[in-house]
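File shown here: upload-v3.pdb, holding PDB, C-alpha atoms (C1' of nucleotides).
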ATOM      1  CA  MET A   1       0.000   0.000   0.000
ATOM      2  CA  ASP A   2       2.962   2.303   0.487
ATOM      3  CA  MET A   3       3.754   2.640  -3.192
ATOM      4  CA  PHE A   4       0.262   4.081  -3.606
ATOM      5  CA  ALA A   5       0.958   6.559  -0.820
ATOM      6  CA  GLU A   6       4.158   7.512  -2.621
ATOM      7  CA  THR A   7       2.373   8.110  -5.901
ATOM      8  CA  LEU A   8      -0.256  10.238  -4.210
ATOM      9  CA  LYS A   9       2.229  12.446  -2.392
ATOM     10  CA  GLN A  10       4.321  12.786  -5.524
ATOM     11  CA  LYS A  11       1.236  14.116  -7.297
ATOM     12  CA  GLY A  12       0.622  16.535  -4.470
ATOM     13  CA  LEU A  13      -2.278  14.746  -2.816
ATOM     14  CA  LYS A  14      -2.701  13.802   0.814
ATOM     15  CA  ALA A  15      -2.420  10.017   1.151
ATOM     16  CA  THR A  16      -5.557   9.080   3.044
ATOM     17  CA  LYS A  17      -6.702   5.500   3.547
ATOM     18  CA  PHE A  18      -9.557   6.073   1.150
ATOM     19  CA  ARG A  19      -7.372   7.536  -1.581
ATOM     20  CA  LYS A  20      -4.934   4.654  -1.370
ATOM     21  CA  THR A  21      -7.861   2.273  -1.783
ATOM     22  CA  LEU A  22      -9.178   4.276  -4.708
ATOM     23  CA  LEU A  23      -5.796   4.371  -6.406
ATOM     24  CA  LYS A  24      -5.421   0.615  -5.935
ATOM     25  CA  THR A  25      -8.867   0.130  -7.491
ATOM     26  CA  PHE A  26      -7.835   1.931 -10.664
ATOM     27  CA  SER A  27      -4.383   0.403 -10.634
ATOM     28  CA  ASP A  28      -5.789  -3.141 -10.429
ATOM     29  CA  CYS A  29      -8.164  -2.529 -13.332
ATOM     30  CA  ASN A  30      -6.828  -3.406 -16.781
ATOM     31  CA  SER A  31      -9.553  -1.474 -18.583
ATOM     32  CA  SER A  32     -11.494   1.404 -17.038
ATOM     33  CA  LEU A  33     -14.182   2.181 -14.468
ATOM     34  CA  THR A  34     -17.229   4.414 -14.409
ATOM     35  CA  THR A  35     -17.655   6.587 -11.338
ATOM     36  CA  ASN A  36     -20.695   4.520 -10.529
ATOM     37  CA  GLU A  37     -18.799   1.257 -10.665
ATOM     38  CA  VAL A  38     -16.391   2.725  -8.155
ATOM     39  CA  VAL A  39     -19.270   3.914  -5.985
ATOM     40  CA  LYS A  40     -20.814   0.447  -6.085
ATOM     41  CA  ASN A  41     -17.473  -1.076  -5.052
ATOM     42  CA  LEU A  42     -16.841   1.270  -2.177
ATOM     43  CA  GLU A  43     -20.096   2.813  -1.014
ATOM     44  CA  ASP A  44     -20.385   0.553   2.009
ATOM     45  CA  ARG A  45     -17.153   2.083   3.243
ATOM     46  CA  TYR A  46     -17.006   5.539   1.691
ATOM     47  CA  ASN A  47     -19.405   8.308   0.808
ATOM     48  CA  LYS A  48     -20.531   9.015  -2.733
ATOM     49  CA  ALA A  49     -19.616  12.699  -2.601
ATOM     50  CA  THR A  50     -16.138  11.827  -1.372
ATOM     51  CA  ILE A  51     -15.668   9.395  -4.232
ATOM     52  CA  TYR A  52     -16.779  11.945  -6.823
ATOM     53  CA  ARG A  53     -14.477  14.572  -5.356
ATOM     54  CA  ALA A  54     -11.492  12.233  -5.236
ATOM     55  CA  ILE A  55     -11.972  11.102  -8.832
ATOM     56  CA  TYR A  56     -12.127  14.736  -9.870
ATOM     57  CA  SER A  57      -8.859  15.469  -8.121
ATOM     58  CA  PHE A  58      -7.170  12.313  -9.446
ATOM     59  CA  GLU A  59      -8.066  13.441 -12.931
ATOM     60  CA  LYS A  60      -6.878  16.986 -12.368
ATOM     61  CA  ASN A  61      -3.567  15.782 -10.948
ATOM     62  CA  GLY A  62      -2.655  13.362 -13.720
ATOM     63  CA  ILE A  63      -3.350  10.073 -11.931
ATOM     64  CA  ILE A  64      -6.293   8.970 -14.049
ATOM     65  CA  HIS A  65      -7.682  10.187 -17.375
ATOM     66  CA  GLN A  66     -11.206  10.272 -18.669
ATOM     67  CA  VAL A  67     -12.035   7.799 -21.417
ATOM     68  CA  PRO A  68     -15.146   7.606 -23.596
ATOM     69  CA  ASP A  69     -18.058   5.495 -22.392
ATOM     70  CA  ALA A  70     -20.607   3.525 -24.393
ATOM     71  CA  LYS A  71     -23.521   5.154 -22.575
ATOM     72  CA  GLY A  72     -22.046   8.579 -21.987
ATOM     73  CA  LEU A  73     -21.164   8.059 -18.316
ATOM     74  CA  SER A  74     -18.003   9.372 -16.684
ATOM     75  CA  ARG A  75     -15.358   6.711 -17.076
ATOM     76  CA  TYR A  76     -11.668   6.749 -16.130
ATOM     77  CA  ALA A  77      -8.489   4.739 -16.566
ATOM     78  CA  ILE A  78      -5.144   4.983 -14.840
ATOM     79  CA  CYS A  79      -2.479   7.078 -16.581
ATOM     80  CA  MET A  80       0.314   4.925 -17.969
ATOM     81  CA  ASP A  81       2.064   7.928 -19.424
ATOM     82  CA  ASN A  82       3.714  10.250 -16.959
ATOM     83  CA  CYS A  83       1.028  12.872 -16.565
ATOM     84  CA  SER A  84       1.090  15.733 -14.108
ATOM     85  CA  ARG A  85      -1.115  18.447 -12.678
ATOM     86  CA  GLY A  86      -3.240  19.879 -15.470
ATOM     87  CA  ILE A  87      -1.179  18.168 -18.140
ATOM     88  CA  HIS A  88      -2.342  14.920 -19.644
ATOM     89  CA  HIS A  89      -0.477  13.660 -22.690
ATOM     90  CA  HIS A  90      -2.210  10.579 -23.958
ATOM     91  CA  LEU A  91      -1.602   9.846 -27.572
ATOM     92  CA  HIS A  92      -3.292   6.464 -27.600
ATOM     93  CA  ALA A  93      -6.700   5.544 -28.981
ATOM     94  CA  HIS A  94      -9.603   4.179 -26.928
ATOM     95  CA  LEU A  95     -11.676   1.166 -27.826
ATOM     96  CA  ILE A  96     -15.282   0.756 -26.749
ATOM     97  CA  CYS A  97     -16.265  -2.891 -27.013
ATOM     98  CA  ASN A  98     -19.654  -3.432 -28.631
ATOM     99  CA  ARG A  99     -20.288  -6.533 -26.588
ATOM    100  CA  CYS A 100     -19.111  -5.850 -23.045
ATOM    101  CA  ASN A 101     -19.353  -2.035 -23.240
ATOM    102  CA  GLN A 102     -15.955  -1.751 -21.615
ATOM    103  CA  THR A 103     -13.480   0.926 -22.689
ATOM    104  CA  TYR A 104      -9.828  -0.012 -23.203
ATOM    105  CA  CYS A 105      -6.734   2.073 -23.787
ATOM    106  CA  ILE A 106      -5.051   0.931 -27.009
ATOM    107  CA  GLN A 107      -1.448   2.020 -26.658
ATOM    108  CA  GLU A 108      -0.599   0.532 -30.071
ATOM    109  CA  ILE A 109      -2.857   2.931 -31.968
ATOM    110  CA  SER A 110      -1.937   6.588 -31.694
ATOM    111  CA  VAL A 111      -4.020   9.592 -32.589
ATOM    112  CA  PRO A 112      -3.018  11.618 -35.638
ATOM    113  CA  SER A 113      -1.057  14.800 -34.993
ATOM    114  CA  LEU A 114      -3.060  17.775 -36.191
ATOM    115  CA  SER A 115      -1.867  20.661 -34.035
ATOM    116  CA  ASN A 116      -2.533  23.646 -36.251
ATOM    117  CA  THR A 117      -4.521  22.181 -39.125
ATOM    118  CA  TYR A 118      -6.750  24.725 -40.861
ATOM    119  CA  GLY A 119      -5.866  27.273 -38.206
ATOM    120  CA  LEU A 120      -8.073  25.491 -35.675
ATOM    121  CA  ASN A 121      -5.357  25.690 -33.058
ATOM    122  CA  ILE A 122      -5.885  22.092 -32.013
ATOM    123  CA  GLU A 123      -4.444  21.333 -28.602
ATOM    124  CA  ASN A 124      -5.951  17.913 -28.090
ATOM    125  CA  ALA A 125      -7.214  15.059 -30.226
ATOM    126  CA  GLU A 126      -9.111  11.920 -29.231
ATOM    127  CA  LEU A 127      -9.567   8.815 -31.327
ATOM    128  CA  THR A 128     -12.416   6.569 -30.241
ATOM    129  CA  LEU A 129     -12.974   3.185 -31.850
ATOM    130  CA  LYS A 130     -15.922   0.832 -31.610
ATOM    131  CA  GLY A 131     -15.254  -2.838 -32.112
ATOM    132  CA  ASN A 132     -14.562  -5.949 -30.104
ATOM    133  CA  CYS A 133     -12.073  -6.273 -27.296
ATOM    134  CA  ARG A 134      -9.733  -9.227 -26.956
ATOM    135  CA  SER A 135     -11.930 -11.080 -24.458
ATOM    136  CA  CYS A 136     -15.148 -10.650 -26.418
ATOM    137  CA  ARG A 137     -13.674 -11.466 -29.798
ATOM    138  CA  LEU A 138     -13.500 -15.217 -29.176
TER     139      LEU A 138
ATOM    140  CA  MET B   1     -41.815  24.044 -44.791
ATOM    141  CA  ASP B   2     -42.731  21.433 -47.366
ATOM    142  CA  MET B   3     -39.179  20.400 -48.100
ATOM    143  CA  PHE B   4     -38.878  19.443 -44.440
ATOM    144  CA  ALA B   5     -42.044  17.355 -44.736
ATOM    145  CA  GLU B   6     -40.518  15.676 -47.781
ATOM    146  CA  THR B   7     -37.315  14.827 -45.939
ATOM    147  CA  LEU B   8     -39.245  13.406 -43.013
ATOM    148  CA  LYS B   9     -41.448  11.187 -45.156
ATOM    149  CA  GLN B  10     -38.476  10.050 -47.183
ATOM    150  CA  LYS B  11     -36.857   8.918 -43.951
ATOM    151  CA  GLY B  12     -39.993   7.066 -42.961
ATOM    152  CA  LEU B  13     -41.271   9.509 -40.357
ATOM    153  CA  LYS B  14     -44.692  11.085 -40.066
ATOM    154  CA  ALA B  15     -44.436  14.790 -40.885
ATOM    155  CA  THR B  16     -46.079  16.460 -37.913
ATOM    156  CA  LYS B  17     -45.983  20.196 -37.308
ATOM    157  CA  PHE B  18     -43.627  19.657 -34.411
ATOM    158  CA  ARG B  19     -41.226  17.490 -36.380
ATOM    159  CA  LYS B  20     -41.034  19.976 -39.201
ATOM    160  CA  THR B  21     -40.182  22.660 -36.660
ATOM    161  CA  LEU B  22     -37.571  20.417 -35.075
ATOM    162  CA  LEU B  23     -36.004  19.571 -38.409
ATOM    163  CA  LYS B  24     -35.883  23.258 -39.322
ATOM    164  CA  THR B  25     -34.183  23.974 -35.991
ATOM    165  CA  PHE B  26     -31.361  21.541 -36.762
ATOM    166  CA  SER B  27     -31.248  22.547 -40.399
ATOM    167  CA  ASP B  28     -30.846  26.237 -39.546
ATOM    168  CA  CYS B  29     -28.026  25.512 -37.110
ATOM    169  CA  ASN B  30     -24.525  25.621 -38.578
ATOM    170  CA  SER B  31     -22.967  23.843 -35.621
ATOM    171  CA  SER B  32     -24.885  21.567 -33.262
ATOM    172  CA  LEU B  33     -27.469  21.603 -30.475
ATOM    173  CA  THR B  34     -27.784  19.872 -27.132
ATOM    174  CA  THR B  35     -31.144  18.312 -26.373
ATOM    175  CA  ASN B  36     -31.552  20.902 -23.676
ATOM    176  CA  GLU B  37     -30.945  23.796 -26.019
ATOM    177  CA  VAL B  38     -33.723  22.411 -28.188
ATOM    178  CA  VAL B  39     -35.967  22.003 -25.154
ATOM    179  CA  LYS B  40     -35.291  25.611 -24.123
ATOM    180  CA  ASN B  41     -36.146  26.771 -27.657
ATOM    181  CA  LEU B  42     -39.381  24.861 -27.923
ATOM    182  CA  GLU B  43     -40.696  23.985 -24.472
ATOM    183  CA  ASP B  44     -43.298  26.743 -24.490
ATOM    184  CA  ARG B  45     -44.859  24.995 -27.470
ATOM    185  CA  TYR B  46     -43.893  21.341 -27.121
ATOM    186  CA  ASN B  47     -43.413  18.823 -24.371
ATOM    187  CA  LYS B  48     -40.007  17.737 -23.153
ATOM    188  CA  ALA B  49     -40.755  14.021 -23.535
ATOM    189  CA  THR B  50     -41.900  14.594 -27.104
ATOM    190  CA  ILE B  51     -38.692  16.423 -27.913
ATOM    191  CA  TYR B  52     -36.515  13.669 -26.445
ATOM    192  CA  ARG B  53     -38.434  10.992 -28.338
ATOM    193  CA  ALA B  54     -38.251  12.886 -31.628
ATOM    194  CA  ILE B  55     -34.514  13.470 -31.318
ATOM    195  CA  TYR B  56     -34.060   9.782 -30.630
ATOM    196  CA  SER B  57     -35.994   8.870 -33.766
ATOM    197  CA  PHE B  58     -34.228  11.514 -35.896
ATOM    198  CA  GLU B  59     -30.948   9.974 -34.852
ATOM    199  CA  LYS B  60     -32.099   6.444 -35.508
ATOM    200  CA  ASN B  61     -33.390   7.359 -38.946
ATOM    201  CA  GLY B  62     -30.307   9.141 -40.225
ATOM    202  CA  ILE B  63     -31.525  12.741 -40.007
ATOM    203  CA  ILE B  64     -29.176  13.897 -37.259
ATOM    204  CA  HIS B  65     -26.054  12.364 -35.724
ATOM    205  CA  GLN B  66     -24.684  12.591 -32.235
ATOM    206  CA  VAL B  67     -21.558  14.687 -31.809
ATOM    207  CA  PRO B  68     -19.276  14.963 -28.782
ATOM    208  CA  ASP B  69     -20.040  17.637 -26.214
ATOM    209  CA  ALA B  70     -17.678  19.619 -24.008
ATOM    210  CA  LYS B  71     -19.644  18.752 -20.864
ATOM    211  CA  GLY B  72     -20.814  15.266 -21.792
ATOM    212  CA  LEU B  73     -24.364  16.231 -22.742
ATOM    213  CA  SER B  74     -26.299  14.770 -25.649
ATOM    214  CA  ARG B  75     -25.583  16.923 -28.662
ATOM    215  CA  TYR B  76     -26.621  16.499 -32.288
ATOM    216  CA  ALA B  77     -25.971  17.932 -35.733
ATOM    217  CA  ILE B  78     -27.803  17.491 -39.003
ATOM    218  CA  CYS B  79     -26.486  14.782 -41.324
ATOM    219  CA  MET B  80     -24.854  16.244 -44.399
ATOM    220  CA  ASP B  81     -23.933  12.822 -45.716
ATOM    221  CA  ASN B  82     -26.781  10.725 -46.987
ATOM    222  CA  CYS B  83     -27.516   8.605 -43.932
ATOM    223  CA  SER B  84     -30.394   6.207 -43.567
ATOM    224  CA  ARG B  85     -32.171   4.109 -40.973
ATOM    225  CA  GLY B  86     -29.593   2.547 -38.680
ATOM    226  CA  ILE B  87     -26.750   3.492 -40.978
ATOM    227  CA  HIS B  88     -24.709   6.593 -40.313
ATOM    228  CA  HIS B  89     -21.563   7.061 -42.332
ATOM    229  CA  HIS B  90     -19.769  10.106 -41.102
ATOM    230  CA  LEU B  91     -16.097  10.161 -41.834
ATOM    231  CA  HIS B  92     -15.492  13.703 -40.664
ATOM    232  CA  ALA B  93     -13.875  14.895 -37.448
ATOM    233  CA  HIS B  94     -15.613  16.976 -34.792
ATOM    234  CA  LEU B  95     -14.184  20.067 -33.188
ATOM    235  CA  ILE B  96     -15.075  21.172 -29.672
ATOM    236  CA  CYS B  97     -14.219  24.837 -29.252
ATOM    237  CA  ASN B  98     -12.437  25.606 -25.993
ATOM    238  CA  ARG B  99     -13.953  29.043 -25.788
ATOM    239  CA  CYS B 100     -17.597  28.754 -26.834
ATOM    240  CA  ASN B 101     -17.989  25.040 -26.032
ATOM    241  CA  GLN B 102     -19.741  24.530 -29.354
ATOM    242  CA  THR B 103     -19.177  21.370 -31.398
ATOM    243  CA  TYR B 104     -18.629  21.680 -35.155
ATOM    244  CA  CYS B 105     -18.462  19.091 -37.909
ATOM    245  CA  ILE B 106     -15.164  19.452 -39.767
ATOM    246  CA  GLN B 107     -15.795  17.934 -43.169
ATOM    247  CA  GLU B 108     -12.214  18.717 -44.240
ATOM    248  CA  ILE B 109     -10.651  16.387 -41.680
ATOM    249  CA  SER B 110     -11.514  12.741 -42.030
ATOM    250  CA  VAL B 111     -11.048   9.964 -39.517
ATOM    251  CA  PRO B 112      -8.355   7.361 -40.227
ATOM    252  CA  SER B 113      -9.553   4.065 -41.651
ATOM    253  CA  LEU B 114      -8.728   1.280 -39.216
ATOM    254  CA  SER B 115     -11.332  -1.410 -39.925
ATOM    255  CA  ASN B 116      -9.566  -4.559 -38.815
ATOM    256  CA  THR B 117      -6.442  -3.242 -37.104
ATOM    257  CA  TYR B 118      -5.016  -5.654 -34.525
ATOM    258  CA  GLY B 119      -8.057  -7.878 -34.983
ATOM    259  CA  LEU B 120     -10.221  -5.424 -33.041
ATOM    260  CA  ASN B 121     -12.918  -5.630 -35.680
ATOM    261  CA  ILE B 122     -13.403  -1.872 -35.713
ATOM    262  CA  GLU B 123     -16.696  -0.845 -37.239
ATOM    263  CA  ASN B 124     -16.655   2.800 -36.258
ATOM    264  CA  ALA B 125     -14.084   5.473 -35.478
ATOM    265  CA  GLU B 126     -14.536   8.967 -34.098
ATOM    266  CA  LEU B 127     -11.982  11.745 -34.143
ATOM    267  CA  THR B 128     -12.614  14.536 -31.669
ATOM    268  CA  LEU B 129     -10.490  17.664 -31.626
ATOM    269  CA  LYS B 130     -10.276  20.421 -29.065
ATOM    270  CA  GLY B 131      -9.229  23.822 -30.279
ATOM    271  CA  ASN B 132     -10.765  27.099 -31.418
ATOM    272  CA  CYS B 133     -13.546  27.498 -33.900
ATOM    273  CA  ARG B 134     -13.480  30.102 -36.639
ATOM    274  CA  SER B 135     -15.614  32.600 -34.723
ATOM    275  CA  CYS B 136     -13.634  32.339 -31.489
ATOM    276  CA  ARG B 137     -10.224  32.381 -33.115
ATOM    277  CA  LEU B 138     -10.229  36.117 -33.806
TER     278      LEU B 138
ATOM    279  C1'  DT C   1     -64.897  10.698 -44.651
ATOM    280  C1'  DT C   2     -63.517   7.109 -41.737
ATOM    281  C1'  DT C   3     -60.063   4.590 -39.330
ATOM    282  C1'  DT C   4     -56.029   3.541 -36.745
ATOM    283  C1'  DA C   5     -51.217   3.295 -35.690
ATOM    284  C1'  DA C   6     -48.121   6.650 -34.604
ATOM    285  C1'  DA C   7     -47.225  10.823 -32.245
ATOM    286  C1'  DC C   8     -48.045  13.859 -28.418
ATOM    287  C1'  DG C   9     -48.881  15.893 -23.561
ATOM    288  C1'  DC C  10     -48.798  15.302 -18.850
ATOM    289  C1'  DA C  11     -47.047  13.994 -14.590
ATOM    290  C1'  DA C  12     -44.455  11.237 -12.008
ATOM    291  C1'  DC C  13     -40.184   9.134 -11.792
ATOM    292  C1'  DC C  14     -35.042   7.777 -11.936
ATOM    293  C1'  DA C  15     -30.039   8.044 -12.031
ATOM    294  C1'  DA C  16     -25.899  10.701 -12.113
ATOM    295  C1'  DG C  17     -23.730  14.100 -10.225
ATOM    296  C1'  DT C  18     -23.286  18.470  -7.009
ATOM    297  C1'  DT C  19     -23.355  21.501  -2.899
ATOM    298  C1'  DG C  20     -23.190  23.398   1.872
ATOM    299  C1'  DC C  21     -21.833  22.546   6.137
ATOM    300  C1'  DA C  22     -20.324  20.113  10.274
ATOM    301  C1'  DT C  23     -16.772  16.677  11.643
ATOM    302  C1'  DT C  24     -12.489  14.169  11.178
ATOM    303  C1'  DT C  25      -7.687  13.436   9.906
ATOM    304  C1'  DG C  26      -2.905  13.566   7.692
ATOM    305  C1'  DA C  27       1.164  15.629   8.175
ATOM    306  C1'  DA C  28       3.881  19.844   9.123
ATOM    307  C1'  DA C  29       5.527  22.615  12.924
ATOM    308  C1'  DG C  30       6.771  22.942  17.489
TER     309       DG C  30
ATOM    310  C1'  DC D   1       5.460  12.936  20.679
ATOM    311  C1'  DT D   2       1.946  16.480  20.829
ATOM    312  C1'  DT D   3      -0.356  20.386  18.830
ATOM    313  C1'  DT D   4      -2.478  22.667  14.980
ATOM    314  C1'  DC D   5      -5.043  23.518  10.904
ATOM    315  C1'  DA D   6      -5.927  23.149   6.077
ATOM    316  C1'  DA D   7      -7.484  19.536   3.548
ATOM    317  C1'  DA D   8     -10.381  15.614   3.311
ATOM    318  C1'  DT D   9     -14.602  13.243   4.551
ATOM    319  C1'  DG D  10     -19.645  12.204   5.740
ATOM    320  C1'  DC D  11     -24.253  13.420   5.506
ATOM    321  C1'  DA D  12     -28.355  15.036   3.530
ATOM    322  C1'  DA D  13     -30.607  17.696   0.550
ATOM    323  C1'  DC D  14     -30.723  19.202  -4.037
ATOM    324  C1'  DT D  15     -30.235  19.852  -9.291
ATOM    325  C1'  DT D  16     -30.165  18.411 -13.890
ATOM    326  C1'  DG D  17     -30.720  15.433 -17.772
ATOM    327  C1'  DG D  18     -33.300  12.062 -19.238
ATOM    328  C1'  DT D  19     -37.228   8.268 -19.098
ATOM    329  C1'  DT D  20     -41.787   5.929 -18.610
ATOM    330  C1'  DG D  21     -46.795   4.838 -18.535
ATOM    331  C1'  DC D  22     -50.905   6.107 -20.054
ATOM    332  C1'  DG D  23     -54.748   8.732 -21.890
ATOM    333  C1'  DT D  24     -55.604  11.926 -25.898
ATOM    334  C1'  DT D  25     -54.789  13.765 -30.480
ATOM    335  C1'  DT D  26     -53.498  13.610 -35.328
ATOM    336  C1'  DA D  27     -51.368  12.398 -39.994
ATOM    337  C1'  DA D  28     -52.265   9.912 -43.701
ATOM    338  C1'  DA D  29     -53.896   5.540 -45.834
ATOM    339  C1'  DA D  30     -58.116   3.242 -47.064
TER     340       DA D  30
END

Kindly present the structure from the file in structure tokens form.
Amino acid sequence: MDMFAETLKQKGLKATKFRKTLLKTFSDCNSSLTTNEVVKNLEDRYNKATIYRAIYSFEKNGIIHQVPDAKGLSRYAICMDNCSRGIHHHLHAHLICNRCNQTYCIQEISVPSLSNTYGLNIENAELTLKGNCRSCRL
Amino acid sequence: MDMFAETLKQKGLKATKFRKTLLKTFSDCNSSLTTNEVVKNLEDRYNKATIYRAIYSFEKNGIIHQVPDAKGLSRYAICMDNCSRGIHHHLHAHLICNRCNQTYCIQEISVPSLSNTYGLNIENAELTLKGNCRSCRL
DNA sequence: TTTTAAACGCAACCAAGTTGCATTTGAAAG
DNA sequence: CTTTCAAATGCAACTTGGTTGCGTTTAAAA
């Protein structure tokens, strides 16, 4: 549990018991989690408002990043890249599986670089794919 | 108003007064509209449930397509491509403007073709850009 | 003109997410 | 090792976006 505490402090967040648990939850997940899935996992022990606030601050401090969701819910995955406060730099695509509705980070597919195309001053691009994930493809 | 009636019938929808108004609303808009913006426009004349149901059926029948929204709301734009029931084929990117939070279809930028990359069986790809729209760029 | 499935209006409901405020706690300072 | 206090948490009430069931109206085919 102490490596989670380390990560949290390094990102400038107080390492509470709850936050270590939350970080472990995301860290253990090989795909992504909706806020509600987290709430369902932890609501017997922690309050909904606390969970929402912590997820918000994890996102803001580069610990997790938002990923698209099949039904438009808030969904997050742990940052594999070395993100920091206010600066996420994910260049990978996201796959929404048509069967299990999970969202996966696909590190192997990167988003096209379009920074100043047509003078649109693009500072971020997201590539979202719909298909079948490895588990559901069988 | 009769060209709107034509479009509706052609897409297999009954051409009610409300639906013609709704189609005109999307047709007149050069960017996109959230469901709520439509509700605010029309709620003095039409019921919220009716509006939600009509938008759902417009989407399903290839009249409008969902576009990403800065705050995660449901947002739609008219189909410029010739879409039909259950079959949308939009290959263009979408731009979310950082300043006005509007979403625009960018016909000039197309999404990469990735159909069977890595065996993921990709049947749809979305490219979402964040930057500044033409009006806000000044 | 008649008929009827589809569309509409109303009201109640649901789920996701937010807010204000009182209480608790991690960790820095003494 | 204690004290201190800003930051984090719990609780409860609330807001917003969206949905559902059902009775009534209406477009358009016969």

Test item: axis-aligned box, all listed atoms of range 45-54 of chain B, 6 Å on each side, centre and edges in Å rounded to one decimal, as JSON:
{"center_x": -40.7, "center_y": 18.0, "center_z": -27.4, "size_x": 20.3, "size_y": 26.0, "size_z": 20.5}

Tell me which protein, DNA and RNA residues are within 10 Å of Ala70 in chain A, counting only C-alpha atoms (C1' of nucleotides), leaving out same-chain ones fewer than 5 positions away, and put them as a list in words.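 Using only C-alpha atoms (C1' of nucleotides), the neighbours found are Arg75, Leu95, Ile96, Cys97, Asn98, Cys100, Asn101, Gln102, Thr103 and Lys130 of chain A.
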
Neighbours of DA12 in chain D within 12 Å (all atoms listed in the file; same-chain residues fewer than 4 positions away dropped), as a PyMOL selection string? (chain A and resi 47-49) or (chain C and resi 19-22)

Same residues, C-alpha atoms (C1' of nucleotides), output as a short mmCIF file (atom, residue, chain, number, x, y, z; two decimals), keeping the file's coordinate frame:
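Here's the written file again00.cif:
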data_model
loop_
_atom_site.label_atom_id
_atom_site.label_comp_id
_atom_site.auth_asym_id
_atom_site.auth_seq_id
_atom_site.Cartn_x
_atom_site.Cartn_y
_atom_site.Cartn_z
CA ASN A 47 -19.40 8.31 0.81
CA LYS A 48 -20.53 9.02 -2.73
CA ALA A 49 -19.62 12.70 -2.60
"C1'" DT C 19 -23.36 21.50 -2.90
"C1'" DG C 20 -23.19 23.40 1.87
"C1'" DC C 21 -21.83 22.55 6.14
"C1'" DA C 22 -20.32 20.11 10.27
#

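Look at Lys11 in chain A: the protein and nucleic acid residues within 9 Å of it, using all atoms listed in the file and passing over chain neighbours fewer than 6 places away, are A:Phe58, A:Asn61, A:Gly62, A:Ile63, A:Ser84, A:Arg85.
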
Got a sec to check which residues sit within 8 Å of (-48.5, 14.9, -34.2), counting all atoms listed in the file, and write them as an MDAnalysis selection string? (chainID B and resid 14:18) or (chainID C and resid 7:8) or (chainID D and resid 25:27)

Please write as a list of chain:residue names the list of polymer residues whose atoms come within 8 Å of (-37.8, 8.0, -16.0), counting only C-alpha atoms (C1' of nucleotides) and keeping to the coordinates of the file.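 Collected hits near the coordinates: C:DC13, C:DC14, D:DG18, D:DT19, D:DT20.
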
Can I get the selection written as a PDB file, keeping the file's coordinate frame, with C-alpha atoms (C1' of nucleotides)?
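Full text of part.pdb as output:
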ATOM      1  C1'  DC C  13     -40.184   9.134 -11.792  1.00  0.00           C
ATOM      2  C1'  DC C  14     -35.042   7.777 -11.936  1.00  0.00           C
TER       3       DC C  14
ATOM      4  C1'  DG D  18     -33.300  12.062 -19.238  1.00  0.00           C
ATOM      5  C1'  DT D  19     -37.228   8.268 -19.098  1.00  0.00           C
ATOM      6  C1'  DT D  20     -41.787   5.929 -18.610  1.00  0.00           C
TER       7       DT D  20
END
